[in-house]
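Here the structure comes first, spelled out in C-alpha coordinates, and everything after it is commentary.
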Amino acid sequence: MLPAADAPCPCSSGQTFGACCGPILSRARPAATAEQLMRSRFTAHYVRDYVYLHRTYLETARRPYAPEQDDGPDLAWTRLAVHAHEPGPKPDIAYVDFTAYFDAEGKEQALHEKSEFRRIDGEWIYTRSVRVGPAPAKAAPKVGRNDPCTCGSGKKYKHCCGK
(Lines give C-alpha, C1' and ligand atoms only; values in the text may rest on other atoms or scores of the structure.)
Protein backbone atom coordinates (compact mmCIF):
# COMPACT_ATOMS: atom_id res chain seq x y z
CA MET A 1 0.00 0.00 0.00
CA LEU A 2 1.36 3.40 -0.97
CA PRO A 3 1.84 6.08 1.69
CA ALA A 4 -0.35 9.19 1.61
CA ALA A 5 1.03 12.05 -0.47
CA ASP A 6 1.60 14.17 2.65
CA ALA A 7 3.25 11.34 4.63
CA PRO A 8 7.05 11.27 5.04
CA CYS A 9 8.71 9.47 2.14
CA PRO A 10 9.98 5.99 3.10
CA CYS A 11 13.35 6.77 1.46
CA SER A 12 14.29 9.04 4.41
CA SER A 13 14.83 12.09 2.19
CA GLY A 14 12.95 14.37 4.59
CA GLN A 15 10.37 15.19 1.90
CA THR A 16 6.79 14.03 1.60
CA PHE A 17 5.98 10.97 -0.49
CA GLY A 18 4.04 13.18 -2.93
CA ALA A 19 7.05 15.44 -3.51
CA CYS A 20 9.71 12.71 -3.54
CA CYS A 21 9.20 9.11 -4.69
CA GLY A 22 5.45 9.13 -5.36
CA PRO A 23 5.60 10.81 -8.79
CA ILE A 24 8.52 8.60 -9.83
CA LEU A 25 6.78 5.35 -8.83
CA SER A 26 3.59 6.40 -10.62
CA ARG A 27 5.61 7.39 -13.73
CA ALA A 28 4.40 11.00 -13.55
CA ARG A 29 8.05 12.01 -13.88
CA PRO A 30 11.34 10.13 -14.30
CA ALA A 31 14.11 10.13 -11.71
CA ALA A 32 16.37 13.11 -12.50
CA THR A 33 19.47 11.54 -10.89
CA ALA A 34 20.82 8.13 -9.99
CA GLU A 35 20.25 8.99 -6.32
CA GLN A 36 16.57 9.71 -6.99
CA LEU A 37 16.25 6.36 -8.74
CA MET A 38 17.99 4.64 -5.80
CA ARG A 39 15.60 6.29 -3.36
CA SER A 40 12.57 5.35 -5.47
CA ARG A 41 13.80 1.74 -5.72
CA PHE A 42 14.13 1.60 -1.92
CA THR A 43 10.59 2.96 -1.62
CA ALA A 44 9.41 0.34 -4.12
CA HIS A 45 10.94 -2.36 -1.89
CA TYR A 46 9.25 -0.72 1.11
CA VAL A 47 5.79 -0.80 -0.53
CA ARG A 48 6.48 -4.08 -2.39
CA ASP A 49 6.08 -2.57 -5.88
CA TYR A 50 7.85 -5.40 -7.69
CA VAL A 51 6.70 -4.21 -11.12
CA TYR A 52 8.59 -0.94 -10.61
CA LEU A 53 11.68 -2.81 -9.41
CA HIS A 54 11.48 -5.05 -12.49
CA ARG A 55 11.11 -2.05 -14.81
CA THR A 56 14.09 -0.14 -13.32
CA TYR A 57 16.63 -2.99 -13.38
CA LEU A 58 18.66 -3.35 -16.59
CA GLU A 59 18.53 -7.17 -16.67
CA THR A 60 14.73 -7.30 -16.55
CA ALA A 61 13.53 -3.91 -17.84
CA ARG A 62 12.83 -5.05 -21.40
CA ARG A 63 11.12 -8.31 -20.49
CA PRO A 64 7.49 -8.65 -19.40
CA TYR A 65 6.98 -8.81 -15.66
CA ALA A 66 6.20 -12.24 -14.23
CA PRO A 67 5.85 -12.68 -10.46
CA GLU A 68 8.56 -14.90 -9.04
CA GLN A 69 7.79 -17.97 -6.98
CA ASP A 70 10.00 -17.13 -4.02
CA ASP A 71 9.67 -18.97 -0.70
CA GLY A 72 11.82 -16.41 1.14
CA PRO A 73 10.22 -13.96 3.55
CA ASP A 74 9.53 -10.39 2.47
CA LEU A 75 11.84 -8.05 4.33
CA ALA A 76 10.36 -5.16 6.25
CA TRP A 77 12.51 -2.26 5.01
CA THR A 78 12.67 0.55 7.56
CA ARG A 79 14.96 3.36 6.37
CA LEU A 80 17.64 4.39 3.91
CA ALA A 81 20.88 6.32 4.34
CA VAL A 82 22.61 7.57 1.20
CA HIS A 83 26.32 8.08 1.88
CA ALA A 84 27.51 9.24 -1.55
CA HIS A 85 26.28 9.96 -5.07
CA GLU A 86 29.29 9.95 -7.38
CA PRO A 87 29.58 10.59 -11.10
CA GLY A 88 31.07 7.79 -13.14
CA PRO A 89 33.74 7.86 -15.83
CA LYS A 90 31.08 8.92 -18.37
CA PRO A 91 28.20 11.42 -17.94
CA ASP A 92 25.56 8.69 -18.20
CA ILE A 93 27.03 6.52 -15.42
CA ALA A 94 26.77 7.22 -11.68
CA TYR A 95 27.30 5.37 -8.41
CA VAL A 96 25.31 5.53 -5.19
CA ASP A 97 26.75 4.29 -1.90
CA PHE A 98 23.96 3.59 0.59
CA THR A 99 22.81 1.58 3.58
CA ALA A 100 19.29 0.14 3.53
CA TYR A 101 17.95 -0.95 6.90
CA PHE A 102 15.40 -3.69 7.50
CA ASP A 103 13.74 -5.45 10.42
CA ALA A 104 14.66 -9.10 10.86
CA GLU A 105 12.89 -10.79 13.76
CA GLY A 106 12.69 -7.58 15.78
CA LYS A 107 16.30 -6.53 15.19
CA GLU A 108 17.40 -3.88 12.75
CA GLN A 109 19.84 -5.18 10.14
CA ALA A 110 21.71 -3.25 7.45
CA LEU A 111 22.60 -3.82 3.82
CA HIS A 112 25.49 -1.56 2.79
CA GLU A 113 26.05 -1.43 -0.95
CA LYS A 114 27.53 0.67 -3.73
CA SER A 115 25.42 0.42 -6.90
CA GLU A 116 25.95 1.44 -10.49
CA PHE A 117 23.29 3.28 -12.48
CA ARG A 118 23.18 4.21 -16.18
CA ARG A 119 21.10 6.74 -18.04
CA ILE A 120 19.63 5.01 -21.09
CA ASP A 121 17.35 6.92 -23.46
CA GLY A 122 17.17 9.75 -20.91
CA GLU A 123 16.10 7.57 -17.95
CA TRP A 124 18.22 6.27 -15.09
CA ILE A 125 18.26 2.50 -14.55
CA TYR A 126 19.91 0.28 -11.94
CA THR A 127 22.59 -1.87 -13.57
CA ARG A 128 24.50 -3.74 -10.86
CA SER A 129 25.94 -3.90 -7.39
CA VAL A 130 29.56 -2.77 -7.44
CA ARG A 131 30.33 -3.55 -3.80
CA VAL A 132 28.49 -5.04 -0.85
CA GLY A 133 29.70 -3.77 2.51
CA PRO A 134 31.51 -0.59 3.47
CA ALA A 135 34.37 0.77 1.41
CA PRO A 136 37.77 -0.66 2.26
CA ALA A 137 39.75 1.43 4.73
CA LYS A 138 42.55 3.41 3.16
CA ALA A 139 45.97 3.08 4.78
CA ALA A 140 47.70 6.25 5.86
CA PRO A 141 50.46 7.31 3.48
CA LYS A 142 53.86 5.91 4.42
CA VAL A 143 56.26 8.43 5.91
CA GLY A 144 59.62 8.59 4.16
CA ARG A 145 62.92 8.82 6.09
CA ASN A 146 63.53 12.40 4.96
CA ASP A 147 59.93 13.62 5.42
CA PRO A 148 59.06 15.86 8.37
CA CYS A 149 58.18 13.80 11.43
CA THR A 150 54.46 13.25 11.97
CA CYS A 151 54.73 14.17 15.65
CA GLY A 152 55.21 17.84 14.71
CA SER A 153 58.72 18.26 16.18
CA GLY A 154 60.03 19.87 12.98
CA LYS A 155 62.80 17.27 12.70
CA LYS A 156 63.17 14.78 9.89
CA TYR A 157 61.42 11.48 10.57
CA LYS A 158 64.74 9.57 10.54
CA HIS A 159 66.12 11.78 13.33
CA CYS A 160 62.96 11.67 15.47
CA CYS A 161 60.30 8.95 15.69
CA GLY A 162 61.93 6.89 12.94
CA LYS A 163 64.94 5.97 15.12
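FYI, nothing fancy with the C-alpha coordinates labels: chains A, B, ... in order, residues from 1 per chain, ligands from 1 as they appear.
Proximity to Pro89 in chain A at 12 Å, evaluated using only C-alpha atoms and with sequence-adjacent residues fewer than 3 positions away removed, yields Glu86, Asp92, Ile93, Ala94, Tyr95, Glu116, Phe117 and Arg118 of chain A.
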- Message: If you run DSSP on the backbone here, which positions in chain A get strand (DSSP E or B)? Please write them as a ChimeraX atom specification.
- Response: /A:8,16,57,76-87,93-104,107-120,123-132,148,156
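With distances restricted to only C-alpha atoms, A:Tyr46 is the closest residue to Tyr101 in chain A from A:Ser115, A:Tyr46, A:Gln15, A:Leu37.
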- Task: Write out as JSON, numbers by chain which residues come within 9 Å of Pro3 in chain A when counting only C-alpha atoms, dropping same-chain ones fewer than 4 positions away.
- Result: {"A": [7, 8, 9, 10, 17, 18, 22, 47]}
Just write the chosen residues, N, CA, C and O atoms, as a short mmCIF file (atom, residue, chain, number, x, y, z; two decimals), in the first residue's frame.
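As a result, selection.cif now contains:
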data_model
loop_
_atom_site.label_atom_id
_atom_site.label_comp_id
_atom_site.auth_asym_id
_atom_site.auth_seq_id
_atom_site.Cartn_x
_atom_site.Cartn_y
_atom_site.Cartn_z
N ALA A 7 2.49 12.12 3.65
CA ALA A 7 3.25 11.34 4.63
C ALA A 7 4.75 11.44 4.31
O ALA A 7 5.13 11.68 3.16
N PRO A 8 5.60 11.26 5.31
CA PRO A 8 7.05 11.27 5.04
C PRO A 8 7.41 10.16 4.05
O PRO A 8 6.87 9.06 4.12
N CYS A 9 8.31 10.46 3.13
CA CYS A 9 8.71 9.47 2.14
C CYS A 9 9.51 8.36 2.82
O CYS A 9 10.39 8.64 3.65
N PRO A 10 9.24 7.11 2.49
CA PRO A 10 9.98 5.99 3.10
C PRO A 10 11.48 6.02 2.84
O PRO A 10 12.24 5.40 3.57
N PHE A 17 6.05 11.98 0.56
CA PHE A 17 5.98 10.97 -0.49
C PHE A 17 5.51 11.60 -1.80
O PHE A 17 6.02 11.28 -2.87
N GLY A 18 4.56 12.53 -1.74
CA GLY A 18 4.04 13.18 -2.93
C GLY A 18 5.03 14.07 -3.63
O GLY A 18 4.93 14.31 -4.83
N GLY A 22 6.78 9.41 -4.82
CA GLY A 22 5.45 9.13 -5.36
C GLY A 22 5.33 9.37 -6.85
O GLY A 22 4.91 8.47 -7.60
N VAL A 47 7.23 -0.61 -0.26
CA VAL A 47 5.79 -0.80 -0.53
C VAL A 47 5.51 -2.06 -1.36
O VAL A 47 4.37 -2.32 -1.71
#
- Query: Where in chain A does DSSP assign helix (DSSP H, G or I), given as a PyMOL selection string?
  - Reply: chain A and resi 22-25+34-47+50-55+157-159
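Interatomic distance, CA of Thr78 in chain A to CA of Arg39 in chain A: 12.7 Å.
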